[in-house]
file input_20.cif (mmCIF, C-alpha atoms)
data_upload
loop_
_atom_site.group_PDB
_atom_site.id
_atom_site.type_symbol
_atom_site.label_atom_id
_atom_site.label_comp_id
_atom_site.auth_asym_id
_atom_site.auth_seq_id
_atom_site.Cartn_x
_atom_site.Cartn_y
_atom_site.Cartn_z
ATOM 1 C CA CYS A 1 8.638 -11.941 15.710
ATOM 2 C CA PHE A 2 6.628 -10.273 12.972
ATOM 3 C CA ALA A 3 5.981 -6.661 12.193
ATOM 4 C CA ASP A 4 2.489 -5.734 13.393
ATOM 5 C CA ARG A 5 0.465 -5.475 10.190
ATOM 6 C CA ARG A 6 -3.315 -5.743 10.325
ATOM 7 C CA TRP A 7 -5.288 -7.530 7.639
ATOM 8 C CA GLY A 8 -6.562 -4.395 5.926
ATOM 9 C CA THR A 9 -7.685 -3.610 2.415
ATOM 10 C CA GLU A 10 -4.698 -5.297 0.803
ATOM 11 C CA GLY A 11 -5.329 -8.597 2.552
ATOM 12 C CA ARG A 12 -9.033 -8.540 1.819
ATOM 13 C CA ASN A 13 -8.452 -7.688 -1.831
ATOM 14 C CA HIS A 14 -5.972 -10.516 -2.180
ATOM 15 C CA HIS A 15 -8.342 -13.047 -0.649
ATOM 16 C CA ALA A 16 -11.148 -11.833 -2.892
ATOM 17 C CA GLY A 17 -8.888 -12.299 -5.914
ATOM 18 C CA ALA A 18 -7.868 -15.772 -4.779
ATOM 19 C CA THR A 19 -11.507 -16.749 -4.304
ATOM 20 C CA ALA A 20 -12.334 -15.440 -7.778
ATOM 21 C CA LEU A 21 -9.537 -17.615 -9.158
ATOM 22 C CA ALA A 22 -11.052 -20.652 -7.480
ATOM 23 C CA ARG A 23 -14.451 -19.832 -8.970
ATOM 24 C CA ARG A 24 -12.930 -19.612 -12.453
ATOM 25 C CA GLN A 25 -11.116 -22.920 -12.046
ATOM 26 C CA ARG A 26 -14.205 -24.675 -10.755
ATOM 27 C CA GLY A 27 -16.357 -23.186 -13.460
ATOM 28 C CA GLY A 28 -13.886 -24.431 -16.077
ATOM 29 C CA ARG A 29 -14.399 -27.945 -14.823
ATOM 30 C CA GLY A 30 -18.157 -27.650 -14.949
ATOM 31 C CA ARG A 31 -18.791 -27.748 -11.222
ATOM 32 C CA GLY A 32 -20.120 -24.204 -11.129
ATOM 33 C CA ALA A 33 -21.515 -22.450 -8.116
ATOM 34 C CA ALA A 34 -22.636 -25.686 -6.522
ATOM 35 C CA ALA A 35 -19.043 -26.376 -5.427
ATOM 36 C CA GLY A 36 -19.368 -23.889 -2.539
ATOM 37 C CA PHE A 37 -16.727 -21.826 -0.724
ATOM 38 C CA VAL A 38 -15.363 -21.378 2.780
ATOM 39 C CA VAL A 39 -16.938 -18.136 3.947
ATOM 40 C CA SER A 40 -16.877 -18.309 7.727
ATOM 41 C CA ALA A 41 -15.600 -20.241 10.704
ATOM 42 C CA ALA A 42 -18.995 -21.911 10.859
ATOM 43 C CA ALA A 43 -18.621 -23.340 7.358
ATOM 44 C CA SER A 44 -18.413 -27.091 6.909
ATOM 45 C CA ASP A 45 -15.088 -28.730 7.786
ATOM 46 C CA THR A 46 -15.205 -30.549 4.447
ATOM 47 C CA GLU A 47 -14.317 -27.237 2.780
ATOM 48 C CA MET A 48 -10.899 -27.347 4.412
ATOM 49 C CA PRO A 49 -8.094 -29.699 3.344
ATOM 50 C CA GLU A 50 -8.258 -32.882 5.390
ATOM 51 C CA ALA A 51 -4.817 -32.298 6.920
ATOM 52 C CA LEU A 52 -5.833 -28.815 8.017
ATOM 53 C CA GLN A 53 -9.077 -30.146 9.505
ATOM 54 C CA THR A 54 -7.015 -32.531 11.630
ATOM 55 C CA LEU A 55 -4.733 -29.750 12.839
ATOM 56 C CA VAL A 56 -7.630 -27.444 13.662
ATOM 57 C CA ALA A 57 -9.337 -30.194 15.653
ATOM 58 C CA ALA A 58 -6.132 -31.067 17.510
ATOM 59 C CA PHE A 59 -5.144 -27.515 18.437
ATOM 60 C CA SER A 60 -8.654 -26.352 19.341
ATOM 61 C CA ALA A 61 -9.002 -29.336 21.704
ATOM 62 C CA VAL A 62 -5.962 -28.292 23.784
ATOM 63 C CA PRO A 63 -7.149 -26.026 26.627
ATOM 64 C CA ASP A 64 -3.696 -24.849 27.743
ATOM 65 C CA PRO A 65 -2.169 -22.052 25.575
ATOM 66 C CA MET A 66 1.320 -23.059 26.724
ATOM 67 C CA LEU A 67 0.818 -26.594 25.394
ATOM 68 C CA ARG A 68 -0.173 -25.162 22.009
ATOM 69 C CA TYR A 69 2.962 -23.005 22.078
ATOM 70 C CA LYS A 70 5.123 -26.063 22.805
ATOM 71 C CA GLN A 71 3.453 -27.971 19.977
ATOM 72 C CA LEU A 72 4.447 -25.227 17.555
ATOM 73 C CA LEU A 73 8.068 -25.518 18.702
ATOM 74 C CA HIS A 74 7.842 -29.273 18.123
ATOM 75 C CA PHE A 75 6.565 -28.638 14.581
ATOM 76 C CA ALA A 76 9.535 -26.316 14.018
ATOM 77 C CA GLU A 77 11.961 -29.089 14.919
ATOM 78 C CA LYS A 78 10.297 -31.490 12.473
ATOM 79 C CA LEU A 79 10.053 -29.073 9.521
ATOM 80 C CA GLU A 80 12.188 -30.119 6.574
ATOM 81 C CA ALA A 81 14.720 -27.396 5.836
ATOM 82 C CA LEU A 82 14.213 -25.200 2.782
ATOM 83 C CA PRO A 83 17.552 -25.101 0.900
ATOM 84 C CA ALA A 84 19.349 -21.759 1.159
ATOM 85 C CA GLU A 85 19.173 -21.278 -2.616
ATOM 86 C CA HIS A 86 15.418 -20.800 -2.241
ATOM 87 C CA HIS A 87 15.795 -18.011 0.326
ATOM 88 C CA THR A 88 15.033 -15.505 -2.410
ATOM 89 C CA PRO A 89 13.056 -12.234 -2.524
ATOM 90 C CA GLU A 90 10.336 -14.019 -4.519
ATOM 91 C CA ASN A 91 9.838 -16.563 -1.722
ATOM 92 C CA LYS A 92 10.110 -14.152 1.206
ATOM 93 C CA VAL A 93 7.060 -13.255 3.281
ATOM 94 C CA GLU A 94 6.992 -9.458 3.312
ATOM 95 C CA GLY A 95 6.240 -7.245 6.302
ATOM 96 C CA CYS A 96 7.937 -9.460 8.865
ATOM 97 C CA VAL A 97 10.742 -8.804 11.328
ATOM 98 C CA SER A 98 11.728 -12.479 11.310
ATOM 99 C CA GLN A 99 13.077 -13.876 8.054
ATOM 100 C CA VAL A 100 10.459 -16.187 6.528
ATOM 101 C CA TRP A 101 10.535 -17.904 3.148
ATOM 102 C CA VAL A 102 7.848 -20.083 1.568
ATOM 103 C CA ARG A 103 8.116 -22.111 -1.630
ATOM 104 C CA GLY A 104 5.352 -23.966 -3.435
ATOM 105 C CA THR A 105 5.471 -26.671 -6.085
ATOM 106 C CA LEU A 106 2.668 -27.950 -8.285
ATOM 107 C CA GLU A 107 2.907 -31.740 -8.234
ATOM 108 C CA GLN A 108 2.060 -34.057 -11.125
ATOM 109 C CA ASP A 109 -1.183 -35.134 -9.437
ATOM 110 C CA GLY A 110 -2.394 -31.522 -9.504
ATOM 111 C CA THR A 111 -1.878 -30.819 -5.795
ATOM 112 C CA VAL A 112 0.411 -28.210 -4.251
ATOM 113 C CA SER A 113 3.248 -28.958 -1.835
ATOM 114 C CA PHE A 114 4.976 -26.329 0.297
ATOM 115 C CA GLN A 115 8.341 -25.830 1.950
ATOM 116 C CA ALA A 116 9.216 -23.106 4.431
ATOM 117 C CA GLU A 117 12.029 -21.738 6.583
ATOM 118 C CA SER A 118 12.501 -19.060 9.243
ATOM 119 C CA ASP A 119 15.248 -17.809 11.533
ATOM 120 C CA SER A 120 12.816 -17.815 14.479
ATOM 121 C CA GLN A 121 11.760 -21.135 16.012
ATOM 122 C CA LEU A 122 8.234 -20.018 16.857
ATOM 123 C CA THR A 123 7.725 -18.505 13.427
ATOM 124 C CA LYS A 124 9.148 -21.677 11.914
ATOM 125 C CA GLY A 125 6.552 -23.639 13.891
ATOM 126 C CA LEU A 126 3.740 -21.502 12.494
ATOM 127 C CA ALA A 127 5.119 -22.018 8.991
ATOM 128 C CA ALA A 128 5.360 -25.763 9.618
ATOM 129 C CA LEU A 129 1.704 -25.838 10.660
ATOM 130 C CA LEU A 130 0.688 -24.251 7.362
ATOM 131 C CA VAL A 131 2.997 -26.526 5.372
ATOM 132 C CA ARG A 132 1.386 -29.568 6.990
ATOM 133 C CA GLY A 133 -2.141 -28.250 6.642
ATOM 134 C CA LEU A 134 -2.025 -27.034 3.043
ATOM 135 C CA SER A 135 0.400 -29.404 1.294
ATOM 136 C CA GLY A 136 -1.477 -32.005 -0.707
ATOM 137 C CA ALA A 137 -4.461 -29.758 -1.377
ATOM 138 C CA THR A 138 -5.553 -28.638 -4.838
ATOM 139 C CA PRO A 139 -5.037 -25.044 -6.005
ATOM 140 C CA ASP A 140 -8.751 -24.233 -5.975
ATOM 141 C CA THR A 141 -9.108 -25.542 -2.405
ATOM 142 C CA ILE A 142 -6.228 -23.381 -1.181
ATOM 143 C CA ALA A 143 -7.341 -20.339 -3.165
ATOM 144 C CA SER A 144 -10.882 -20.445 -1.801
ATOM 145 C CA LEU A 145 -9.902 -21.115 1.819
ATOM 146 C CA SER A 146 -10.924 -18.407 4.269
ATOM 147 C CA PRO A 147 -8.400 -17.305 6.924
ATOM 148 C CA ASP A 148 -11.084 -17.994 9.539
ATOM 149 C CA PHE A 149 -9.351 -21.306 10.275
ATOM 150 C CA ILE A 150 -6.585 -19.301 11.991
ATOM 151 C CA GLU A 151 -9.063 -18.223 14.657
ATOM 152 C CA MET A 152 -10.368 -21.791 14.881
ATOM 153 C CA LEU A 153 -6.886 -23.102 15.730
ATOM 154 C CA GLY A 154 -7.122 -21.351 19.095
ATOM 155 C CA LEU A 155 -3.596 -19.935 18.870
ATOM 156 C CA LYS A 156 -4.537 -16.302 19.420
ATOM 157 C CA GLN A 157 -3.946 -16.461 23.166
ATOM 158 C CA SER A 158 -0.578 -18.148 22.672
ATOM 159 C CA LEU A 159 0.794 -15.484 20.307
ATOM 160 C CA THR A 160 1.444 -11.767 20.350
ATOM 161 C CA PRO A 161 -0.696 -9.634 18.000
ATOM 162 C CA SER A 162 2.279 -9.161 15.682
ATOM 163 C CA ARG A 163 2.818 -12.925 15.386
ATOM 164 C CA ASN A 164 -0.874 -13.501 14.776
ATOM 165 C CA ASN A 165 -0.700 -11.003 11.920
ATOM 166 C CA GLY A 166 2.492 -12.624 10.670
ATOM 167 C CA PHE A 167 0.749 -16.003 10.590
ATOM 168 C CA LEU A 168 -1.931 -14.449 8.397
ATOM 169 C CA ASN A 169 0.741 -12.950 6.129
ATOM 170 C CA MET A 170 2.261 -16.408 5.629
ATOM 171 C CA PHE A 171 -1.113 -17.865 4.695
ATOM 172 C CA LEU A 172 -1.771 -15.045 2.199
ATOM 173 C CA LYS A 173 1.682 -15.627 0.702
ATOM 174 C CA MET A 174 0.848 -19.300 0.218
ATOM 175 C CA GLN A 175 -2.404 -18.367 -1.497
ATOM 176 C CA LYS A 176 -0.504 -16.005 -3.816
ATOM 177 C CA ILE A 177 2.056 -18.707 -4.635
ATOM 178 C CA THR A 178 -0.795 -21.112 -5.388
ATOM 179 C CA GLU A 179 -2.452 -18.533 -7.637
ATOM 180 C CA ASP A 180 0.789 -18.086 -9.586
ATOM 181 C CA LEU A 181 1.285 -21.832 -9.931
ATOM 182 C CA ALA A 182 -2.271 -22.322 -11.168
ATOM 183 C CA ALA A 183 -1.875 -19.526 -13.711
ATOM 184 C CA ALA A 184 1.384 -20.881 -15.156
ATOM 185 C CA PRO A 185 1.313 -22.995 -18.333
ATOM 186 C CA SER A 186 2.790 -25.906 -16.370
ATOM 187 C CA SER A 187 -0.554 -26.255 -14.579
ATOM 188 C CA GLY A 188 -2.461 -26.745 -17.821
ATOM 189 C CA PRO A 189 -3.026 -29.782 -20.036
ATOM 190 C CA ASP A 190 0.742 -30.439 -20.354
ATOM 191 C CA ALA A 191 1.264 -30.597 -16.575
ATOM 192 C CA ASN A 192 2.414 -34.224 -16.710
ATOM 193 C CA LEU A 193 4.879 -33.767 -19.569
ATOM 194 C CA PRO A 194 8.597 -34.009 -18.766
ATOM 195 C CA MET A 195 10.187 -30.579 -18.521
ATOM 196 C CA SER A 196 12.383 -31.308 -21.539
ATOM 197 C CA GLU A 197 9.264 -31.701 -23.697
ATOM 198 C CA LYS A 198 7.773 -28.494 -22.331
ATOM 199 C CA ILE A 199 10.987 -26.685 -23.255
ATOM 200 C CA GLN A 200 10.872 -28.181 -26.749
ATOM 201 C CA GLN A 201 7.255 -27.135 -27.282
ATOM 202 C CA ALA A 202 7.803 -23.578 -26.020
ATOM 203 C CA ILE A 203 10.959 -22.920 -28.061
ATOM 204 C CA THR A 204 9.514 -24.514 -31.196
ATOM 205 C CA ALA A 205 6.374 -22.389 -30.972
ATOM 206 C CA SER A 206 8.206 -19.100 -30.382
ATOM 207 C CA LEU A 207 11.522 -19.367 -32.228
ATOM 208 C CA SER A 208 10.816 -21.897 -35.026
ATOM 209 C CA PRO A 209 14.279 -23.452 -34.729
ATOM 210 C CA SER A 210 15.868 -25.338 -37.586
ATOM 211 C CA SER A 211 17.710 -27.372 -34.967
ATOM 212 C CA LEU A 212 17.009 -27.920 -31.293
ATOM 213 C CA ASP A 213 18.881 -30.170 -28.866
ATOM 214 C CA ILE A 214 17.863 -30.433 -25.189
ATOM 215 C CA GLN A 215 19.859 -32.347 -22.594
ATOM 216 C CA ASP A 216 18.647 -32.801 -19.011
ATOM 217 C CA ASP A 217 21.788 -32.405 -16.913
ATOM 218 C CA SER A 218 19.998 -32.366 -13.558
ATOM 219 C CA ALA A 219 21.404 -35.612 -12.162
ATOM 220 C CA SER A 220 24.950 -34.236 -12.180
ATOM 221 C CA HIS A 221 23.823 -31.560 -9.696
ATOM 222 C CA ALA A 222 22.104 -33.930 -7.268
ATOM 223 C CA GLY A 223 25.096 -33.876 -4.916
ATOM 224 C CA HIS A 224 24.425 -30.305 -3.787
ATOM 225 C CA ARG A 225 20.767 -30.227 -4.855
ATOM 226 C CA PRO A 226 18.985 -33.499 -3.954
ATOM 227 C CA GLU A 227 15.759 -32.656 -5.786
ATOM 228 C CA SER A 228 17.730 -32.584 -9.053
ATOM 229 C CA ALA A 229 18.073 -36.371 -8.904
ATOM 230 C CA GLU A 230 14.557 -36.628 -10.359
ATOM 231 C CA GLY A 231 15.422 -34.333 -13.280
ATOM 232 C CA GLY A 232 13.866 -31.140 -14.573
ATOM 233 C CA THR A 233 16.143 -28.579 -12.905
ATOM 234 C CA HIS A 234 19.262 -28.145 -15.076
ATOM 235 C CA PHE A 235 19.364 -28.229 -18.886
ATOM 236 C CA ARG A 236 21.804 -27.759 -21.737
ATOM 237 C CA VAL A 237 19.897 -26.313 -24.697
ATOM 238 C CA ALA A 238 21.329 -25.748 -28.180
ATOM 239 C CA VAL A 239 19.088 -23.700 -30.489
ATOM 240 C CA VAL A 240 19.635 -22.831 -34.145
ATOM 241 C CA SER A 241 17.119 -20.271 -35.386
ATOM 242 C CA GLU A 242 16.801 -17.468 -37.908
ATOM 243 C CA ALA A 243 15.126 -15.482 -35.115
ATOM 244 C CA PHE A 244 18.615 -14.838 -33.714
ATOM 245 C CA GLU A 245 19.792 -12.952 -36.831
ATOM 246 C CA GLY A 246 21.226 -9.552 -35.886
ATOM 247 C CA LEU A 247 21.105 -10.253 -32.134
ATOM 248 C CA THR A 248 24.052 -10.384 -29.757
ATOM 249 C CA THR A 249 24.631 -13.521 -27.700
ATOM 250 C CA ILE A 250 23.205 -11.802 -24.626
ATOM 251 C CA LYS A 251 20.026 -10.808 -26.451
ATOM 252 C CA ARG A 252 19.655 -14.312 -27.871
ATOM 253 C CA HIS A 253 19.911 -15.786 -24.380
ATOM 254 C CA LYS A 254 17.409 -13.260 -23.068
ATOM 255 C CA ALA A 255 15.006 -14.295 -25.832
ATOM 256 C CA VAL A 256 15.225 -17.947 -24.773
ATOM 257 C CA TYR A 257 14.795 -17.081 -21.084
ATOM 258 C CA ALA A 258 11.729 -14.997 -21.955
ATOM 259 C CA VAL A 259 10.185 -17.947 -23.816
ATOM 260 C CA LEU A 260 10.793 -20.242 -20.827
ATOM 261 C CA ALA A 261 9.961 -17.721 -18.090
ATOM 262 C CA ASP A 262 6.948 -19.671 -16.809
ATOM 263 C CA TYR A 263 9.052 -22.820 -16.418
ATOM 264 C CA MET A 264 11.862 -21.124 -14.486
ATOM 265 C CA GLU A 265 11.899 -20.923 -10.703
ATOM 266 C CA PRO A 266 9.891 -19.938 -8.734
ATOM 267 C CA LYS A 267 6.957 -20.758 -11.046
ATOM 268 C CA GLY A 268 8.551 -23.874 -12.516
ATOM 269 C CA THR A 269 11.331 -26.324 -11.748
ATOM 270 C CA ILE A 270 14.142 -25.048 -14.000
ATOM 271 C CA HIS A 271 16.993 -23.761 -11.865
ATOM 272 C CA ALA A 272 19.662 -23.215 -14.538
ATOM 273 C CA LEU A 273 20.137 -23.267 -18.314
ATOM 274 C CA SER A 274 23.328 -23.645 -20.322
ATOM 275 C CA LEU A 275 22.568 -22.140 -23.735
ATOM 276 C CA SER A 276 24.028 -22.335 -27.221
ATOM 277 C CA THR A 277 22.220 -19.964 -29.576
ATOM 278 C CA LYS A 278 23.201 -19.768 -33.253
ATOM 279 C CA THR A 279 21.770 -18.810 -36.630
ATOM 280 C CA PRO A 280 21.764 -21.234 -39.591
ATOM 281 C CA SER A 281 24.546 -19.227 -41.227
ATOM 282 C CA GLU A 282 26.767 -19.772 -38.177
ATOM 283 C CA ILE A 283 26.625 -23.565 -38.405
#
call {"tool": "encode", "arguments": {"input": "input_20.cif", "output": "structure tokens"}}
result
Amino acid sequence: CFADRRWGTEGRNHHAGATALARRQRGGRGRGAAAGFVVSAAASDTEMPEALQTLVAAFSAVPDPMLRYKQLLHFAEKLEALPAEHHTPENKVEGCVSQVWVRGTLEQDGTVSFQAESDSQLTKGLAALLVRGLSGATPDTIASLSPDFIEMLGLKQSLTPSRNNGFLNMFLKMQKITEDLAAAPSSGPDANLPMSEKIQQAITASLSPSSLDIQDDSASHAGHRPESAEGGTHFRVAVVSEAFEGLTTIKRHKAVYAVLADYMEPKGTIHALSLSTKTPSEI
């Protein structure tokens, strides 16, 4: 179960900030105020992601609270497991008694996909509902979504007050993850570039290397990390730059990690780097 935490000032401020983000993104694409926002439960269903609309319609049509409860347990059984390596403080939903982790990824088509995990089956079911409902939506759609849909699901009678509040906390966490993903450089014009090219551009711009070699070693880690089979998670990077003059190896590595911070997990896909950092005089 979840710690009983009401949606007070912090929750309202976060949602206001997320909505402001959506306005900025829409304005940048020239759609302006005409795009509209979800502001109440009475708002048009078209303002919700299609998958979430389907879930809201399905759950609200079930008159028996116990049947809704059982459906959540079914969702929990079907939820794809979030690998243990992503059970990190950055991915944890705060303020909960149950352990809950949520991870988001910005896909190449500009939509967001989510993964989640919990040590409680009911909580896992609630997380699975959000994963199904929000995955595949764009960042501005998720950021502007009002939590009113939670009431529309009709789950309030099936859950304790603390679990209802925990469900809201998970949704707010997903909005925050989406906000971070949208703000990262990887969500900009170079979103479709291979990660190796993003690394090259970032290091070249910041460290002006005289030599730079980048090897994507992700496939060799696919055995214990299936998502690495597609690349973009593990790299061997050799940098030769005058910017390293007078710095220890540790400080040189820190400089490279700082340059690539927005491409490292949880914002980006890079899980690990193997670095060689030298000055021209050391070659």
call {"tool": "atom_distance", "arguments": {"input": "input_20.cif", "atom1": "atom CA of Asp213 of chain A", "atom2": "atom CA of Pro226 of chain A"}}
result
25.1 Å
call {"tool": "atom_distance", "arguments": {"input": "input_20.cif", "atom1": "atom CA of Glu47 of chain A", "atom2": "atom CA of Thr141 of chain A"}}
result
7.5 Å
call {"tool": "closest_residue", "arguments": {"input": "input_20.cif", "among": "A:Ala127, A:Met195, A:Leu67, A:Val239", "to": "Ser210 of chain A", "atoms": "only C-alpha atoms"}}
result
A:Val239
call {"tool": "closest_residue", "arguments": {"input": "input_20.cif", "among": "A:Leu126, A:Leu155, A:Leu52, A:Ala202", "to": "Ile142 of chain A", "atoms": "all atoms listed in the file"}}
result
A:Leu52
call {"tool": "closest_residue", "arguments": {"input": "input_20.cif", "among": "A:Val112, A:Ala61, A:Met152, A:Ile250", "to": "Asp180 of chain A", "atoms": "all atoms listed in the file"}}
result
A:Val112
call {"tool": "resolve_selection", "arguments": {"input": "input_20.cif", "expression": "the PyMOL selection byres ((chain A and resi 251-266) around 10)", "output": "PyMOL selection string"}}
result
chain A and resi 86+88+90-91+103-105+177+180-181+183-186+195+198-200+202-207+232-233+237+239+241+243-250+267-278
call {"tool": "closest_residue", "arguments": {"input": "input_20.cif", "among": "A:Gly166, A:Gln157, A:Pro209, A:Lys173", "to": "Pro63 of chain A", "atoms": "all atoms listed in the file"}}
result
A:Gln157
call {"tool": "closest_residue", "arguments": {"input": "input_20.cif", "among": "A:Pro194, A:Pro83, A:Gly154, A:Pro139", "to": "Thr178 of chain A", "atoms": "all atoms listed in the file"}}
result
A:Pro139
call {"tool": "residues_around", "arguments": {"input": "input_20.cif", "residues": "Phe167 of chain A", "least_positions_apart": "3", "cutoff": "12 Å", "atoms": "only C-alpha atoms", "output": "ChimeraX atom specification"}}
result
/A:1-7,93-96,98,100,122-131,147,149-151,153,155-156,159-164,170-174
call {"tool": "write_last_selection", "arguments": {"input": "input_20.cif", "atoms": "C-alpha atoms", "output": "PDB file, in the coordinates of the input"}}
result
ATOM      1  CA  CYS A   1       8.638 -11.941  15.710  1.00  0.00           C
ATOM      2  CA  PHE A   2       6.628 -10.273  12.972  1.00  0.00           C
ATOM      3  CA  ALA A   3       5.981  -6.661  12.193  1.00  0.00           C
ATOM      4  CA  ASP A   4       2.489  -5.734  13.393  1.00  0.00           C
ATOM      5  CA  ARG A   5       0.465  -5.475  10.190  1.00  0.00           C
ATOM      6  CA  ARG A   6      -3.315  -5.743  10.325  1.00  0.00           C
ATOM      7  CA  TRP A   7      -5.288  -7.530   7.639  1.00  0.00           C
ATOM      8  CA  VAL A  93       7.060 -13.255   3.281  1.00  0.00           C
ATOM      9  CA  GLU A  94       6.992  -9.458   3.312  1.00  0.00           C
ATOM     10  CA  GLY A  95       6.240  -7.245   6.302  1.00  0.00           C
ATOM     11  CA  CYS A  96       7.937  -9.460   8.865  1.00  0.00           C
ATOM     12  CA  SER A  98      11.728 -12.479  11.310  1.00  0.00           C
ATOM     13  CA  VAL A 100      10.459 -16.187   6.528  1.00  0.00           C
ATOM     14  CA  LEU A 122       8.234 -20.018  16.857  1.00  0.00           C
ATOM     15  CA  THR A 123       7.725 -18.505  13.427  1.00  0.00           C
ATOM     16  CA  LYS A 124       9.148 -21.677  11.914  1.00  0.00           C
ATOM     17  CA  GLY A 125       6.552 -23.639  13.891  1.00  0.00           C
ATOM     18  CA  LEU A 126       3.740 -21.502  12.494  1.00  0.00           C
ATOM     19  CA  ALA A 127       5.119 -22.018   8.991  1.00  0.00           C
ATOM     20  CA  ALA A 128       5.360 -25.763   9.618  1.00  0.00           C
ATOM     21  CA  LEU A 129       1.704 -25.838  10.660  1.00  0.00           C
ATOM     22  CA  LEU A 130       0.688 -24.251   7.362  1.00  0.00           C
ATOM     23  CA  VAL A 131       2.997 -26.526   5.372  1.00  0.00           C
ATOM     24  CA  PRO A 147      -8.400 -17.305   6.924  1.00  0.00           C
ATOM     25  CA  PHE A 149      -9.351 -21.306  10.275  1.00  0.00           C
ATOM     26  CA  ILE A 150      -6.585 -19.301  11.991  1.00  0.00           C
ATOM     27  CA  GLU A 151      -9.063 -18.223  14.657  1.00  0.00           C
ATOM     28  CA  LEU A 153      -6.886 -23.102  15.730  1.00  0.00           C
ATOM     29  CA  LEU A 155      -3.596 -19.935  18.870  1.00  0.00           C
ATOM     30  CA  LYS A 156      -4.537 -16.302  19.420  1.00  0.00           C
ATOM     31  CA  LEU A 159       0.794 -15.484  20.307  1.00  0.00           C
ATOM     32  CA  THR A 160       1.444 -11.767  20.350  1.00  0.00           C
ATOM     33  CA  PRO A 161      -0.696  -9.634  18.000  1.00  0.00           C
ATOM     34  CA  SER A 162       2.279  -9.161  15.682  1.00  0.00           C
ATOM     35  CA  ARG A 163       2.818 -12.925  15.386  1.00  0.00           C
ATOM     36  CA  ASN A 164      -0.874 -13.501  14.776  1.00  0.00           C
ATOM     37  CA  MET A 170       2.261 -16.408   5.629  1.00  0.00           C
ATOM     38  CA  PHE A 171      -1.113 -17.865   4.695  1.00  0.00           C
ATOM     39  CA  LEU A 172      -1.771 -15.045   2.199  1.00  0.00           C
ATOM     40  CA  LYS A 173       1.682 -15.627   0.702  1.00  0.00           C
ATOM     41  CA  MET A 174       0.848 -19.300   0.218  1.00  0.00           C
TER      42      MET A 174
END
call {"tool": "build_atoms", "arguments": {"input": "input_20.cif", "residues": "segment 66-80 of chain A", "atoms": "N, CA and C atoms", "output": "mmCIF file, in the frame of the given file"}}
result
data_model
loop_
_atom_site.group_PDB
_atom_site.id
_atom_site.type_symbol
_atom_site.label_atom_id
_atom_site.label_comp_id
_atom_site.auth_asym_id
_atom_site.auth_seq_id
_atom_site.Cartn_x
_atom_site.Cartn_y
_atom_site.Cartn_z
ATOM 1 N N MET A 66 -0.096 -22.712 26.696
ATOM 2 C CA MET A 66 1.320 -23.059 26.724
ATOM 3 C C MET A 66 1.588 -24.375 26.005
ATOM 4 N N LEU A 67 0.655 -25.326 26.105
ATOM 5 C CA LEU A 67 0.818 -26.594 25.394
ATOM 6 C C LEU A 67 0.755 -26.377 23.885
ATOM 7 N N ARG A 68 -0.113 -25.474 23.442
ATOM 8 C CA ARG A 68 -0.173 -25.162 22.009
ATOM 9 C C ARG A 68 1.147 -24.549 21.554
ATOM 10 N N TYR A 69 1.682 -23.660 22.371
ATOM 11 C CA TYR A 69 2.962 -23.005 22.078
ATOM 12 C C TYR A 69 4.064 -24.059 21.926
ATOM 13 N N LYS A 70 4.106 -25.022 22.857
ATOM 14 C CA LYS A 70 5.123 -26.063 22.805
ATOM 15 C C LYS A 70 4.952 -26.947 21.571
ATOM 16 N N GLN A 71 3.699 -27.163 21.169
ATOM 17 C CA GLN A 71 3.453 -27.971 19.977
ATOM 18 C C GLN A 71 4.005 -27.287 18.730
ATOM 19 N N LEU A 72 3.885 -25.970 18.685
ATOM 20 C CA LEU A 72 4.447 -25.227 17.555
ATOM 21 C C LEU A 72 5.966 -25.382 17.501
ATOM 22 N N LEU A 73 6.615 -25.341 18.655
ATOM 23 C CA LEU A 73 8.068 -25.518 18.702
ATOM 24 C C LEU A 73 8.451 -26.935 18.249
ATOM 25 N N HIS A 74 7.606 -27.901 18.581
ATOM 26 C CA HIS A 74 7.842 -29.273 18.123
ATOM 27 C C HIS A 74 7.723 -29.348 16.605
ATOM 28 N N PHE A 75 6.720 -28.680 16.036
ATOM 29 C CA PHE A 75 6.565 -28.638 14.581
ATOM 30 C C PHE A 75 7.802 -28.022 13.920
ATOM 31 N N ALA A 76 8.348 -26.988 14.566
ATOM 32 C CA ALA A 76 9.535 -26.316 14.018
ATOM 33 C C ALA A 76 10.706 -27.285 13.914
ATOM 34 N N GLU A 77 10.860 -28.130 14.922
ATOM 35 C CA GLU A 77 11.961 -29.089 14.919
ATOM 36 C C GLU A 77 11.805 -30.123 13.810
ATOM 37 N N LYS A 78 10.564 -30.447 13.460
ATOM 38 C CA LYS A 78 10.297 -31.490 12.473
ATOM 39 C C LYS A 78 10.226 -30.965 11.040
ATOM 40 N N LEU A 79 10.203 -29.642 10.868
ATOM 41 C CA LEU A 79 10.053 -29.073 9.521
ATOM 42 C C LEU A 79 11.299 -29.332 8.682
ATOM 43 N N GLU A 80 11.076 -29.884 7.498
ATOM 44 C CA GLU A 80 12.188 -30.119 6.574
ATOM 45 C C GLU A 80 12.761 -28.784 6.116
#
